[in-house]
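Chemist: The following file, query-v2.txt, comprises compact mmCIF, C-alpha atoms:
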```txt
# COMPACT_ATOMS: atom_id res chain seq x y z
CA MET N 728 28.79 -4.62 -14.55
CA ASN N 729 28.90 -6.92 -11.52
CA GLU N 730 26.86 -10.12 -11.16
CA LYS N 731 24.04 -8.49 -9.21
CA GLU N 732 23.64 -5.67 -11.73
CA LYS N 733 23.64 -8.23 -14.52
CA LEU N 734 20.86 -10.18 -12.79
CA ILE N 735 18.81 -7.01 -12.33
CA TYR N 736 19.05 -6.12 -16.04
CA GLN N 737 18.33 -9.69 -17.13
CA PHE N 738 15.32 -9.82 -14.82
CA ILE N 739 13.97 -6.51 -16.15
CA GLU N 740 14.48 -7.67 -19.73
CA LEU N 741 12.52 -10.85 -19.00
CA GLN N 742 9.72 -8.77 -17.54
CA GLU N 743 9.83 -6.41 -20.53
CA MET N 744 9.42 -9.37 -22.87
CA ALA N 745 6.61 -10.77 -20.73
CA ALA N 746 4.86 -7.39 -21.07
CA GLY N 747 5.31 -7.53 -24.84
CA CYS N 748 8.03 -4.87 -24.97
CA GLY N 749 11.05 -6.91 -26.06
CA PRO N 750 13.37 -8.28 -27.01
CA LYS N 751 15.71 -5.34 -26.88
CA GLU N 752 19.49 -5.70 -26.90
CA THR N 753 19.82 -9.07 -25.22
CA VAL N 754 21.94 -9.42 -22.09
CA PHE N 755 21.44 -13.16 -21.71
CA ASP N 756 25.07 -14.18 -21.83
CA ASN N 757 25.95 -16.78 -19.19
CA PRO N 758 22.74 -16.23 -17.19
CA ASN N 759 22.45 -17.55 -13.65
CA TRP N 760 19.14 -19.32 -14.12
CA ASP N 761 18.94 -20.62 -10.57
CA MET N 762 18.90 -17.02 -9.34
CA LEU N 763 16.64 -15.71 -12.12
CA ILE N 764 14.06 -18.41 -11.45
CA TRP N 765 14.25 -17.73 -7.72
CA LEU N 766 13.80 -14.00 -8.33
CA SER N 767 10.85 -14.62 -10.66
CA LYS N 768 9.11 -16.61 -7.94
CA ARG N 769 9.95 -14.04 -5.26
CA ASN N 770 8.42 -11.31 -7.41
CA LYS N 771 5.34 -13.44 -8.23
CA CYS N 772 6.27 -13.52 -11.92
CA GLY N 773 7.10 -17.22 -12.19
CA LEU N 774 4.40 -18.32 -14.65
CA LEU N 775 4.74 -15.12 -16.67
CA PHE N 776 8.50 -15.55 -17.13
CA ASN N 777 8.26 -19.31 -17.68
CA ASN N 778 5.87 -18.73 -20.56
CA VAL N 779 8.32 -16.29 -22.21
CA VAL N 780 11.33 -18.59 -21.88
CA ASN N 781 9.47 -21.64 -23.20
CA LYS N 782 8.70 -19.85 -26.46
CA ASN N 783 12.40 -19.93 -27.41
CA PRO N 784 14.61 -21.50 -24.70
CA VAL N 785 17.70 -21.53 -26.95
CA VAL N 786 17.82 -17.70 -26.94
CA PHE N 787 17.91 -17.69 -23.15
CA HIS N 788 20.74 -20.25 -22.78
CA ILE N 789 18.85 -22.29 -20.20
CA ASP N 790 19.84 -25.92 -19.82
CA ASP N 791 17.25 -28.67 -20.18
CA GLU N 792 17.45 -29.82 -16.57
CA ALA N 793 16.83 -26.33 -15.16
CA LEU N 794 13.96 -25.71 -17.60
CA ASP N 795 12.35 -29.08 -16.86
CA LYS N 796 12.39 -28.40 -13.13
CA TRP N 797 11.02 -24.89 -13.66
CA ASN N 798 8.29 -26.23 -15.93
CA SER N 799 7.34 -28.78 -13.27
CA ASP N 800 7.13 -26.07 -10.60
CA SER N 801 5.14 -23.84 -12.97
CA LYS N 802 2.62 -26.60 -13.64
CA LYS N 803 2.04 -26.93 -9.90
CA GLU N 804 1.60 -23.16 -9.63
CA PHE N 805 -0.84 -23.23 -12.53
CA VAL N 806 -2.90 -25.97 -10.87
CA GLU N 807 -2.98 -23.96 -7.63
CA ALA N 808 -4.10 -20.86 -9.57
CA TYR N 809 -6.75 -22.87 -11.42
CA ASN N 810 -8.11 -24.36 -8.17
CA MET N 811 -8.13 -20.91 -6.63
CA PHE N 812 -10.14 -19.55 -9.55
CA ASN N 813 -12.68 -22.37 -9.29
CA GLU N 814 -13.04 -21.68 -5.58
CA PHE N 815 -13.46 -17.98 -6.38
CA LYS N 816 -16.35 -18.85 -8.71
CA ARG N 817 -17.95 -21.01 -5.99
CA VAL N 818 -17.70 -18.13 -3.48
CA MET N 819 -19.14 -15.61 -5.95
CA ALA N 820 -22.05 -17.93 -6.73
CA ALA N 821 -22.80 -18.31 -3.01
CA PHE N 822 -22.71 -14.54 -2.48
CA ASP N 823 -25.04 -14.04 -5.43
CA GLU N 824 -27.44 -16.68 -4.12
CA ASN N 825 -27.52 -14.94 -0.73
CA ASN N 826 -27.94 -11.42 -2.21
CA ILE N 827 -24.58 -10.22 -0.89
CA ASP N 828 -23.16 -7.31 -2.88
CA VAL N 829 -19.44 -7.76 -3.49
CA VAL N 830 -16.84 -5.63 -5.28
CA ILE N 831 -13.58 -7.22 -6.43
CA LEU N 832 -10.49 -5.21 -5.54
CA LYS N 833 -7.40 -5.59 -7.76
CA GLY N 834 -6.87 -9.37 -8.14
CA TYR N 835 -8.87 -10.83 -11.01
CA VAL N 836 -9.77 -7.36 -12.29
CA ILE N 837 -6.05 -6.91 -13.04
CA ALA N 838 -5.46 -10.55 -14.01
CA ALA N 839 -8.07 -10.17 -16.76
CA LEU N 840 -5.64 -7.79 -18.51
CA TYR N 841 -2.84 -10.40 -18.68
CA PRO N 842 -2.43 -12.89 -21.56
CA SER N 843 -3.99 -15.42 -19.19
CA ILE N 844 -5.56 -14.75 -15.79
CA PHE N 845 -3.40 -17.58 -14.43
CA GLN N 846 -0.19 -15.75 -15.35
CA ARG N 847 -0.80 -13.14 -12.66
CA TYR N 848 0.00 -14.64 -9.30
CA SER N 849 -2.42 -13.87 -6.49
CA SER N 850 -2.03 -15.09 -2.94
CA ASP N 851 -5.53 -14.09 -1.86
CA LEU N 852 -8.85 -12.59 -2.92
CA ASP N 853 -9.54 -9.00 -1.84
CA ILE N 854 -13.21 -8.10 -1.81
CA LYS N 855 -15.18 -5.08 -0.60
CA LEU N 856 -18.45 -5.78 1.20
CA GLU N 857 -21.09 -3.75 2.98
CA PRO N 858 -20.58 -3.53 6.78
CA GLU N 859 -24.19 -4.56 7.43
CA ASP N 860 -23.51 -7.88 5.64
CA LYS N 861 -20.59 -8.82 7.90
CA MET N 862 -22.32 -11.59 9.84
CA LYS N 863 -24.13 -12.87 6.76
CA VAL N 864 -20.78 -13.13 4.96
CA ARG N 865 -19.30 -15.04 7.90
CA LYS N 866 -22.22 -17.47 7.89
CA VAL N 867 -22.00 -18.10 4.15
CA LEU N 868 -18.24 -18.60 4.15
CA THR N 869 -17.88 -20.67 7.32
CA ARG N 870 -21.14 -22.62 7.58
CA ASP N 871 -22.10 -23.01 3.91
CA LEU N 872 -18.71 -23.13 2.18
CA GLY N 873 -16.44 -24.55 4.90
CA PHE N 874 -13.99 -21.64 5.22
CA VAL N 875 -12.20 -20.94 8.50
CA TRP N 876 -12.41 -17.45 10.00
CA ASP N 877 -8.90 -16.40 11.05
CA GLU N 878 -9.91 -14.32 14.04
CA ALA N 879 -6.33 -13.74 15.25
CA ASP N 880 -5.16 -12.05 12.03
CA SER N 881 -8.43 -10.30 11.22
CA LYS N 882 -8.73 -6.57 11.90
CA GLU N 883 -11.62 -4.34 12.83
CA ASN N 884 -12.48 -3.66 9.18
CA VAL N 885 -10.90 -6.71 7.48
CA ASP N 886 -11.91 -10.31 8.13
CA ILE N 887 -9.59 -13.10 6.97
CA TYR N 888 -11.00 -16.44 5.79
CA TYR N 889 -9.23 -19.43 4.27
CA ASN N 890 -9.54 -22.99 3.08
CA ASN N 891 -7.10 -25.25 1.23
CA ASP N 892 -7.47 -23.40 -2.08
CA LEU N 893 -8.27 -19.78 -1.30
CA LYS N 894 -7.56 -17.04 1.22
CA ILE N 895 -10.12 -14.21 1.34
CA GLU N 896 -9.60 -10.73 2.73
CA ALA N 897 -13.11 -9.39 3.31
CA HIS N 898 -12.81 -5.59 3.50
CA TYR N 899 -15.59 -3.49 5.01
CA THR N 900 -13.83 -0.24 4.16
CA LEU N 901 -11.39 0.43 1.32
CA TRP N 902 -8.72 1.68 3.71
CA GLU N 903 -8.55 -1.17 6.23
CA ASP N 904 -7.91 0.24 9.72
CA TYR N 905 -5.80 3.22 8.63
CA GLU N 906 -6.69 6.69 9.89
CA GLY N 907 -5.25 10.13 9.19
CA GLU N 908 -5.25 13.07 6.79
CA ASN N 909 -4.39 10.98 3.74
CA ILE N 910 -7.18 8.54 4.47
CA GLU N 911 -9.63 11.43 4.75
CA ILE N 912 -8.47 12.65 1.32
CA LEU N 913 -9.18 9.20 -0.11
CA LYS N 914 -12.52 8.87 1.67
CA ALA N 915 -13.59 12.19 0.14
CA GLU N 916 -13.20 10.59 -3.29
CA ARG N 917 -16.13 8.23 -2.46
CA MET N 918 -14.44 5.58 -4.57
CA ASP N 919 -16.89 2.81 -3.71
CA ASP N 920 -19.97 4.87 -4.57
CA PRO N 921 -22.36 2.34 -6.18
CA ALA N 922 -23.03 4.79 -9.00
CA THR N 923 -19.39 4.55 -10.13
CA LEU N 924 -19.00 0.75 -10.07
CA ILE N 925 -18.43 -1.09 -13.35
CA ASP N 926 -18.81 -4.65 -14.65
CA VAL N 927 -15.62 -6.47 -15.66
CA ASP N 928 -15.46 -9.71 -17.66
CA VAL N 929 -12.81 -11.83 -15.98
CA ALA N 930 -12.79 -15.17 -17.83
CA GLU N 931 -14.97 -18.17 -18.66
CA GLY N 932 -18.09 -16.01 -18.66
CA VAL N 933 -17.42 -14.71 -15.14
CA LYS N 934 -18.47 -11.08 -14.72
CA VAL N 935 -17.73 -9.16 -11.52
CA LYS N 936 -18.36 -5.74 -10.02
CA ALA N 937 -15.29 -3.52 -9.69
CA LEU N 938 -14.42 0.04 -8.77
CA GLY N 939 -14.60 2.60 -11.56
CA ILE N 940 -11.54 3.02 -13.78
CA THR N 941 -10.03 6.10 -12.12
CA GLU N 942 -11.05 4.85 -8.68
CA HIS N 943 -9.28 1.55 -9.28
CA LEU N 944 -6.08 3.26 -10.42
CA ILE N 945 -6.10 5.45 -7.29
CA LEU N 946 -6.61 2.34 -5.14
CA GLN N 947 -3.82 0.42 -6.91
CA MET N 948 -1.29 3.22 -6.60
CA PHE N 949 -2.12 3.93 -2.96
CA HIS N 950 -1.75 0.18 -2.30
CA ILE N 951 1.69 0.29 -3.97
CA VAL N 952 2.73 3.41 -2.03
CA LYS N 953 1.57 1.88 1.27
CA HIS N 954 3.50 -1.35 0.77
CA TYR N 955 6.56 0.46 -0.60
CA ILE N 956 6.73 2.46 2.63
CA LEU N 957 5.98 -0.32 5.09
CA GLU N 958 7.62 -3.42 3.68
CA GLY N 959 8.66 -3.05 0.04
CA ILE N 960 6.91 -4.13 -3.16
CA GLU N 961 7.28 -6.78 -5.85
CA SER N 962 8.22 -6.16 -9.46
CA ARG N 963 4.95 -7.62 -10.76
CA TYR N 964 3.18 -4.37 -9.85
CA PHE N 965 4.96 -2.69 -12.78
CA CYS N 966 3.04 -4.94 -15.19
CA ASP N 967 -0.20 -4.43 -13.26
CA ILE N 968 -0.03 -0.66 -13.70
CA ALA N 969 1.23 -0.75 -17.30
CA TYR N 970 -1.50 -3.18 -18.41
CA PHE N 971 -4.21 -1.23 -16.57
CA VAL N 972 -3.25 2.24 -17.83
CA ASN N 973 -2.81 1.05 -21.41
CA LYS N 974 -6.18 -0.71 -21.38
CA TYR N 975 -8.11 2.24 -19.94
CA GLN N 976 -5.91 5.17 -21.04
CA ASP N 977 -8.81 7.07 -22.64
CA GLU N 978 -11.16 6.55 -19.67
CA ILE N 979 -8.91 7.61 -16.77
CA ASP N 980 -9.55 11.01 -15.20
CA TYR N 981 -5.88 12.00 -14.91
CA ASN N 982 -6.65 15.34 -13.27
CA ARG N 983 -8.58 13.62 -10.48
CA PHE N 984 -5.81 11.05 -10.01
CA TRP N 985 -2.99 13.58 -9.78
CA THR N 986 -4.97 15.97 -7.57
CA ALA N 987 -5.50 13.19 -5.00
CA PHE N 988 -1.83 12.17 -4.94
CA GLU N 989 -0.60 15.77 -4.86
CA LYS N 990 -2.75 16.37 -1.78
CA MET N 991 -1.11 13.32 -0.13
CA HIS N 992 2.37 14.38 -1.32
CA PHE N 993 2.88 11.08 -3.13
CA ASP N 994 2.87 12.63 -6.60
CA GLU N 995 6.65 12.52 -7.07
CA PHE N 996 6.69 8.80 -6.28
CA CYS N 997 3.91 8.27 -8.84
CA VAL N 998 5.89 10.18 -11.48
CA ILE N 999 8.95 8.02 -10.80
CA TYR N 1000 6.94 4.79 -10.78
CA PHE N 1001 5.09 5.70 -13.98
CA THR N 1002 8.39 6.65 -15.63
CA GLU N 1003 9.74 3.15 -14.94
CA CYS N 1004 6.54 1.68 -16.41
CA ILE N 1005 6.96 3.85 -19.53
CA LYS N 1006 10.68 3.15 -19.88
CA HIS N 1007 10.55 -0.61 -19.45
CA PHE N 1008 7.00 -1.88 -19.88
CA GLY N 1009 5.48 0.07 -22.74
CA MET N 1010 3.04 2.15 -20.70
CA THR N 1011 1.63 5.22 -22.44
CA ASP N 1012 3.00 8.55 -21.25
CA LYS N 1013 -0.59 9.86 -21.12
CA ALA N 1014 -0.51 8.75 -17.50
CA LEU N 1015 1.88 11.60 -16.65
CA ALA N 1016 -0.63 14.17 -17.92
CA GLY N 1017 2.10 16.47 -19.20
CA ARG N 1018 4.55 15.96 -16.34
CA LYS N 1019 8.21 15.31 -17.15
CA GLN N 1020 9.52 11.79 -16.78
CA GLN N 1021 11.70 11.36 -13.70
CA LEU N 1022 13.86 8.45 -12.56
CA PRO N 1023 14.83 7.68 -8.96
CA GLU N 1024 17.98 9.38 -7.67
CA ASP N 1025 19.63 5.93 -7.80
CA GLU N 1026 17.71 3.77 -10.26
CA LEU N 1027 19.83 0.68 -9.64
CA ALA N 1028 19.16 0.87 -5.89
CA PHE N 1029 15.44 1.33 -6.59
CA LEU N 1030 15.32 -1.76 -8.82
CA ASN N 1031 17.52 -3.77 -6.47
CA ASP N 1032 15.19 -3.02 -3.56
CA ILE N 1033 12.16 -4.19 -5.53
CA ILE N 1034 13.65 -7.21 -7.30
CA PHE N 1035 15.93 -8.66 -4.62
CA LEU N 1036 14.07 -7.65 -1.47
CA GLY N 1037 10.49 -7.06 -2.56
CA LYS N 1038 7.49 -7.45 -0.35
CA ARG N 1039 8.40 -9.68 2.58
CA ASP N 1040 6.73 -13.10 2.63
CA ILE N 1041 6.13 -13.19 6.36
CA ASN N 1042 2.90 -14.63 7.72
CA ASP N 1043 2.37 -12.26 10.61
CA THR N 1044 2.65 -9.08 8.58
CA ALA N 1045 1.02 -6.94 11.25
CA ASP N 1046 3.93 -7.71 13.57
CA TYR N 1047 6.55 -7.61 10.85
CA SER N 1048 5.63 -4.43 9.03
CA LEU N 1049 6.95 -1.14 10.31
CA LEU N 1050 3.53 0.20 11.24
CA GLY N 1051 4.53 1.83 14.49
CA ILE N 1052 7.42 3.75 12.93
CA LEU N 1053 6.45 4.45 9.33
CA SER N 1054 2.66 4.51 9.35
CA PRO N 1055 2.64 8.34 9.68
CA TYR N 1056 4.04 8.48 6.13
CA VAL N 1057 1.04 6.45 4.94
CA ASN N 1058 -1.61 8.10 7.07
CA GLY N 1059 -0.45 11.68 6.69
CA GLY N 1060 -0.66 14.41 9.27
CA LYS N 1061 2.91 14.08 10.49
CA LYS N 1062 6.11 12.38 9.56
CA SER N 1063 8.13 9.72 11.26
CA ALA N 1064 10.70 10.97 13.75
CA GLU N 1065 13.76 12.35 11.95
CA SER N 1066 16.47 10.98 14.25
CA ARG N 1067 17.37 7.36 14.88
CA LYS N 1068 16.77 7.91 18.60
CA GLY N 1069 13.35 9.39 17.86
CA ARG N 1070 12.40 6.41 15.71
CA ALA N 1071 13.61 4.05 18.44
CA LEU N 1072 11.30 5.74 20.94
CA GLN N 1073 8.50 5.64 18.35
CA ALA N 1074 9.02 1.90 17.88
CA LEU N 1075 8.98 1.18 21.61
CA PHE N 1076 6.38 3.73 22.70
CA PRO N 1077 3.98 4.58 19.85
CA SER N 1078 1.45 7.34 20.43
CA VAL N 1079 -2.27 6.73 20.83
CA LYS N 1080 -2.69 7.78 17.19
CA ASP N 1081 -0.02 5.41 15.86
CA ILE N 1082 -0.50 2.31 17.99
CA ASP N 1083 -2.15 -0.65 16.28
CA LYS N 1084 -5.90 -1.08 16.62
CA LYS N 1085 -5.28 -4.33 18.50
CA TYR N 1086 -4.94 -1.97 21.45
CA SER N 1087 -8.04 0.06 20.65
CA TYR N 1088 -8.96 0.38 24.32
CA CYS N 1089 -6.25 3.03 24.71
CA LYS N 1090 -7.60 4.96 21.72
CA LYS N 1091 -10.89 5.28 23.58
CA TYR N 1092 -9.18 5.84 26.95
CA PRO N 1093 -5.75 7.44 26.31
CA ILE N 1094 -4.86 7.15 29.99
CA LEU N 1095 -4.44 3.41 29.34
CA LEU N 1096 -1.62 3.95 26.83
CA PRO N 1097 1.16 2.77 29.22
CA ILE N 1098 -0.81 -0.44 29.79
CA ALA N 1099 -1.03 -0.88 26.02
CA TRP N 1100 2.77 -0.53 25.77
CA VAL N 1101 3.19 -3.35 28.30
CA HIS N 1102 0.51 -5.44 26.58
CA ARG N 1103 2.29 -4.89 23.26
CA ALA N 1104 5.67 -5.89 24.71
CA PHE N 1105 4.31 -9.16 26.13
CA ARG N 1106 2.54 -9.89 22.87
CA THR N 1107 5.78 -9.35 20.93
CA ILE N 1108 7.65 -11.69 23.27
CA PHE N 1109 4.92 -14.33 22.84
CA PHE N 1110 5.04 -14.12 19.05
CA LYS N 1111 8.85 -14.17 19.03
CA LEU N 1112 8.78 -17.37 21.06
CA THR N 1113 6.07 -19.03 18.97
CA LYS N 1114 6.92 -17.71 15.49
CA GLY N 1115 10.66 -17.17 15.78
CA GLY N 1116 12.20 -15.09 13.02
CA LYS N 1117 8.84 -14.29 11.44
CA VAL N 1118 8.30 -11.41 13.84
CA TYR N 1119 10.59 -8.39 14.10
CA GLY N 1120 11.36 -6.89 17.48
CA ALA N 1121 11.88 -3.16 18.00
CA GLY N 1122 15.60 -3.32 17.20
CA ARG N 1123 15.09 -5.11 13.90
CA LYS N 1124 12.19 -2.83 13.00
CA LEU N 1125 14.37 0.19 13.70
CA LYS N 1126 17.10 -1.11 11.39
CA GLU N 1127 14.56 -1.88 8.67
CA SER N 1128 12.96 1.54 9.05
CA GLU N 1129 16.33 3.23 8.45
CA TYR N 1130 16.64 1.34 5.17
CA ARG N 1131 13.04 1.95 4.11
CA ILE N 1132 13.34 5.71 4.77
CA GLN N 1133 16.46 5.73 2.58
CA MET N 1134 14.56 3.96 -0.22
CA MET N 1135 11.56 6.28 0.20
CA LYS N 1136 13.71 9.38 -0.23
CA ASN N 1137 15.34 7.79 -3.28
CA ALA N 1138 11.87 7.33 -4.80
CA GLY N 1139 10.47 10.77 -4.05
CA ILE N 1140 8.67 10.18 -0.73
CA LYS N 1141 10.15 12.86 1.49
```
Would you mind writing the file's structure down as structure tokens?

Modeler:
Amino acid sequence: MNEKEKLIYQFIELQEMAAGCGPKETVFDNPNWDMLIWLSKRNKCGLLFNNVVNKNPVVFHIDDEALDKWNSDSKKEFVEAYNMFNEFKRVMAAFDENNIDVVILKGYVIAALYPSIFQRYSSDLDIKLEPEDKMKVRKVLTRDLGFVWDEADSKENVDIYYNNDLKIEAHYTLWEDYEGENIEILKAERMDDPATLIDVDVAEGVKVKALGITEHLILQMFHIVKHYILEGIESRYFCDIAYFVNKYQDEIDYNRFWTAFEKMHFDEFCVIYFTECIKHFGMTDKALAGRKQQLPEDELAFLNDIIFLGKRDINDTADYSLLGILSPYVNGGKKSAESRKGRALQALFPSVKDIDKKYSYCKKYPILLPIAWVHRAFRTIFFKLTKGGKVYGAGRKLKESEYRIQMMKNAGIK
């Protein structure tokens, strides 16, 4: 076992213990704690892992200096999470006062399943709102509560707001700006039907509206599939799914779940992902609904991709992510070009269907597509000059797409 493999297994064992599934046969001999702590933060598991290690630091062979520094960093992260939660309560109170219906997506609905809501890292608050309330929401957040509307990074159906303690993604559809056969399959599920919404107790007497149980699981797994295709995912999602399925295992409509993902051809990925949750994180095998467990073709490569690479922490995700090349896998209807040359052309000259909605004028008037290509090129140059390495050009996107397609095939997305 080389050093990287050892780190992967130690990381997974830490996460197993955090999920209440360990200890198993310990592999904590001569651990590289600098790397393990870095990986825990990269995968948004810092507080969760820190809590496990502090229960019995001797077992983990962590020196006092490293633990003290980690504890100090964790306290800061806890304070940030606590301030974020208080700001969340202030926002929810303002929405309630102004008769704005809001549904919480993922976030605190999942965090409520953890030992403490502050042990699940969240970088933002995802909420679903009614389109007719869009301007009212903007007024409440900006004028009444002092948030800033991030117009540049907002999309047609998602407005971004932020202040010092909280970033809000205000969704006016569940599927952002995505379009295609898969999105139509999901829309047909009517997952935000008011009749299916449920109340969830989060913490400190805070009760929120959330999607129904099966609806929320479909949303979570599609969110994971989407990010796995476009930019990679973090290891914390394993715990999210395991906690959720175990909590609601007798209330999930498994037939409805699997039918939706079979229609989108993401069912094999879900089997593989659920198998990892069962193997490592104590998830019930009810979730497979009689299907056989299945591991990735190369499990070590699958875990390495998630743990060491994970979801990229790049601010301008719209310009980083491989939307122009790989979005057909998410949207459905057609696949990405098979050859490297084809993907290169796709990256440089996306079709009207695949080009980002920032260039919506060419969707309405397809004859303007060449102008949109030029517009897109100048915009990329501008962002490269102003944001440096945070934005990938076509060449880098092409290289990343080759890797992501390899990982997708390894995990059952063909």

Chemist: Kindly provide, as number ranges by chain, the polymer residues lying within 12 Å of (-7.2, 5.4, -15.5), counting all atoms listed in the file and using the coordinates exactly as they appear in the file.

Modeler: N: 938-948, 968-985, 1010-1011, 1013-1016

Chemist: Hey, which bits of stretch 887-992 of chain N sit within 10 Å of stretch 772-793 of chain N, and for each residue what's the closest pair of atoms and how far apart in Å (one decimal), counting only C-alpha atoms, rows by chain and increasing number, as a tab-separated table?

Modeler:
```
residue	atom	partner	partner_atom	distance
N:Glu961	CA	N:Cys772	CA	9.1
N:Ser962	CA	N:Cys772	CA	8.0
N:Arg963	CA	N:Cys772	CA	6.2
N:Tyr964	CA	N:Cys772	CA	9.9
N:Cys966	CA	N:Cys772	CA	9.7
```

Chemist: Between atom CA of N:Leu766 and atom CA of N:Ala930, what is the distance, to one decimal in Å?

Modeler: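 Atom-to-atom, atom CA of N:Leu766 to atom CA of N:Ala930, that is 28.3 Å.
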
Chemist: Please provide the set of residues having any atom within 12 Å of N:Leu832, restricted to all atoms listed in the file, with same-chain residues fewer than 6 positions apart removed, written as an NGL selection string.

Modeler: :N and (838 or 849 or 851-856 or 895-902 or 918-919 or 924-925 or 927 or 935-940 or 942-947 or 950)

Chemist: Of the candidates N:Ala820, N:Val929, N:Ala922, N:Ala1138, which shows the shortest atom-to-atom distance to N:Leu1030, using only C-alpha atoms?

Modeler: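 When distances to N:Leu1030 are compared using only C-alpha atoms, the smallest one comes from N:Ala1138.
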
Chemist: With all atoms listed in the file as the atoms that count, which of N:Leu868, N:Ile1033, N:Leu893, N:Ala745 lies nearest to N:Phe815?

Modeler: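 When distances to N:Phe815 are compared using all atoms listed in the file, the smallest one comes from N:Leu893.
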
Chemist: Quick one: distance from atom CA of N:Gln846 to atom CA of N:Asn890 in Å, one decimal?

Modeler: 21.9 Å

Chemist: Could you jot down the atom CA of N:Lys882 to atom CA of N:Val1057 separation for me, Å, one decimal place?

Modeler: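 Those two atoms sit 17.7 Å apart.
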
Chemist: Measuring between only C-alpha atoms, which one of N:Val1079, N:Ser767, N:Ala839, N:Gly873 shows the shortest distance to N:Tyr1092?

Modeler: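 That would be N:Val1079, the residue with the smallest distance to N:Tyr1092.
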
Chemist: Would you kindly return, as a PyMOL selection string, each protein, DNA or RNA residue with an atom no farther than 8 Å from any atom of N:Cys997, considering all atoms listed in the file and excluding same-chain residues fewer than 4 positions away?

Modeler: chain N and resi 948+988+993+1001

Chemist: Just write the chosen residues, C-alpha atoms, as a tab-separated table (two decimals), in the coordinates of the input.

Modeler:
```tsv
chain	number	residue	atom	x	y	z
N	948	MET	CA	-1.29	3.22	-6.60
N	988	PHE	CA	-1.83	12.17	-4.94
N	993	PHE	CA	2.88	11.08	-3.13
N	1001	PHE	CA	5.09	5.70	-13.98
```

Chemist: So, counting all atoms listed in the file, which residue among N:Arg865, N:Val885, N:Phe738, N:Asn729 is closest to N:Arg769?

Modeler: N:Phe738

Chemist: Pick the closest to N:Leu1053 from N:Ile887, N:Met811, N:Val952, N:Val829: which is it, counting all atoms listed in the file?

Modeler: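 Closest residue, counting all atoms listed in the file: N:Val952.
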
Chemist: How about completing stretch 783-794 of chain N with N, CA and C atoms and giving it to me as a short mmCIF file (atom, residue, chain, number, x, y, z; two decimals), in the frame of the given file?

Modeler:
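Contents of out_1.cif, as written:
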```
data_model
loop_
_atom_site.label_atom_id
_atom_site.label_comp_id
_atom_site.auth_asym_id
_atom_site.auth_seq_id
_atom_site.Cartn_x
_atom_site.Cartn_y
_atom_site.Cartn_z
N ASN N 783 11.14 -19.79 -26.69
CA ASN N 783 12.40 -19.93 -27.41
C ASN N 783 13.54 -20.12 -26.41
N PRO N 784 13.62 -21.29 -25.77
CA PRO N 784 14.61 -21.50 -24.70
C PRO N 784 16.06 -21.37 -25.16
N VAL N 785 16.33 -21.61 -26.45
CA VAL N 785 17.70 -21.53 -26.95
C VAL N 785 18.25 -20.11 -26.78
N VAL N 786 17.40 -19.11 -27.04
CA VAL N 786 17.82 -17.70 -26.94
C VAL N 786 18.27 -17.37 -25.52
N PHE N 787 17.66 -18.02 -24.55
CA PHE N 787 17.91 -17.69 -23.15
C PHE N 787 19.03 -18.51 -22.52
N HIS N 788 19.60 -19.46 -23.28
CA HIS N 788 20.74 -20.25 -22.78
C HIS N 788 20.42 -20.93 -21.45
N ILE N 789 19.25 -21.55 -21.40
CA ILE N 789 18.85 -22.29 -20.20
C ILE N 789 18.99 -23.77 -20.48
N ASP N 790 19.63 -24.49 -19.58
CA ASP N 790 19.84 -25.92 -19.82
C ASP N 790 18.55 -26.70 -19.59
N ASP N 791 18.49 -27.86 -20.20
CA ASP N 791 17.25 -28.67 -20.18
C ASP N 791 16.83 -29.04 -18.77
N GLU N 792 17.80 -29.38 -17.93
CA GLU N 792 17.45 -29.82 -16.57
C GLU N 792 16.80 -28.67 -15.77
N ALA N 793 17.38 -27.48 -15.88
CA ALA N 793 16.83 -26.33 -15.16
C ALA N 793 15.44 -25.98 -15.68
N LEU N 794 15.26 -26.04 -17.01
CA LEU N 794 13.96 -25.71 -17.60
C LEU N 794 12.91 -26.75 -17.22
#
```
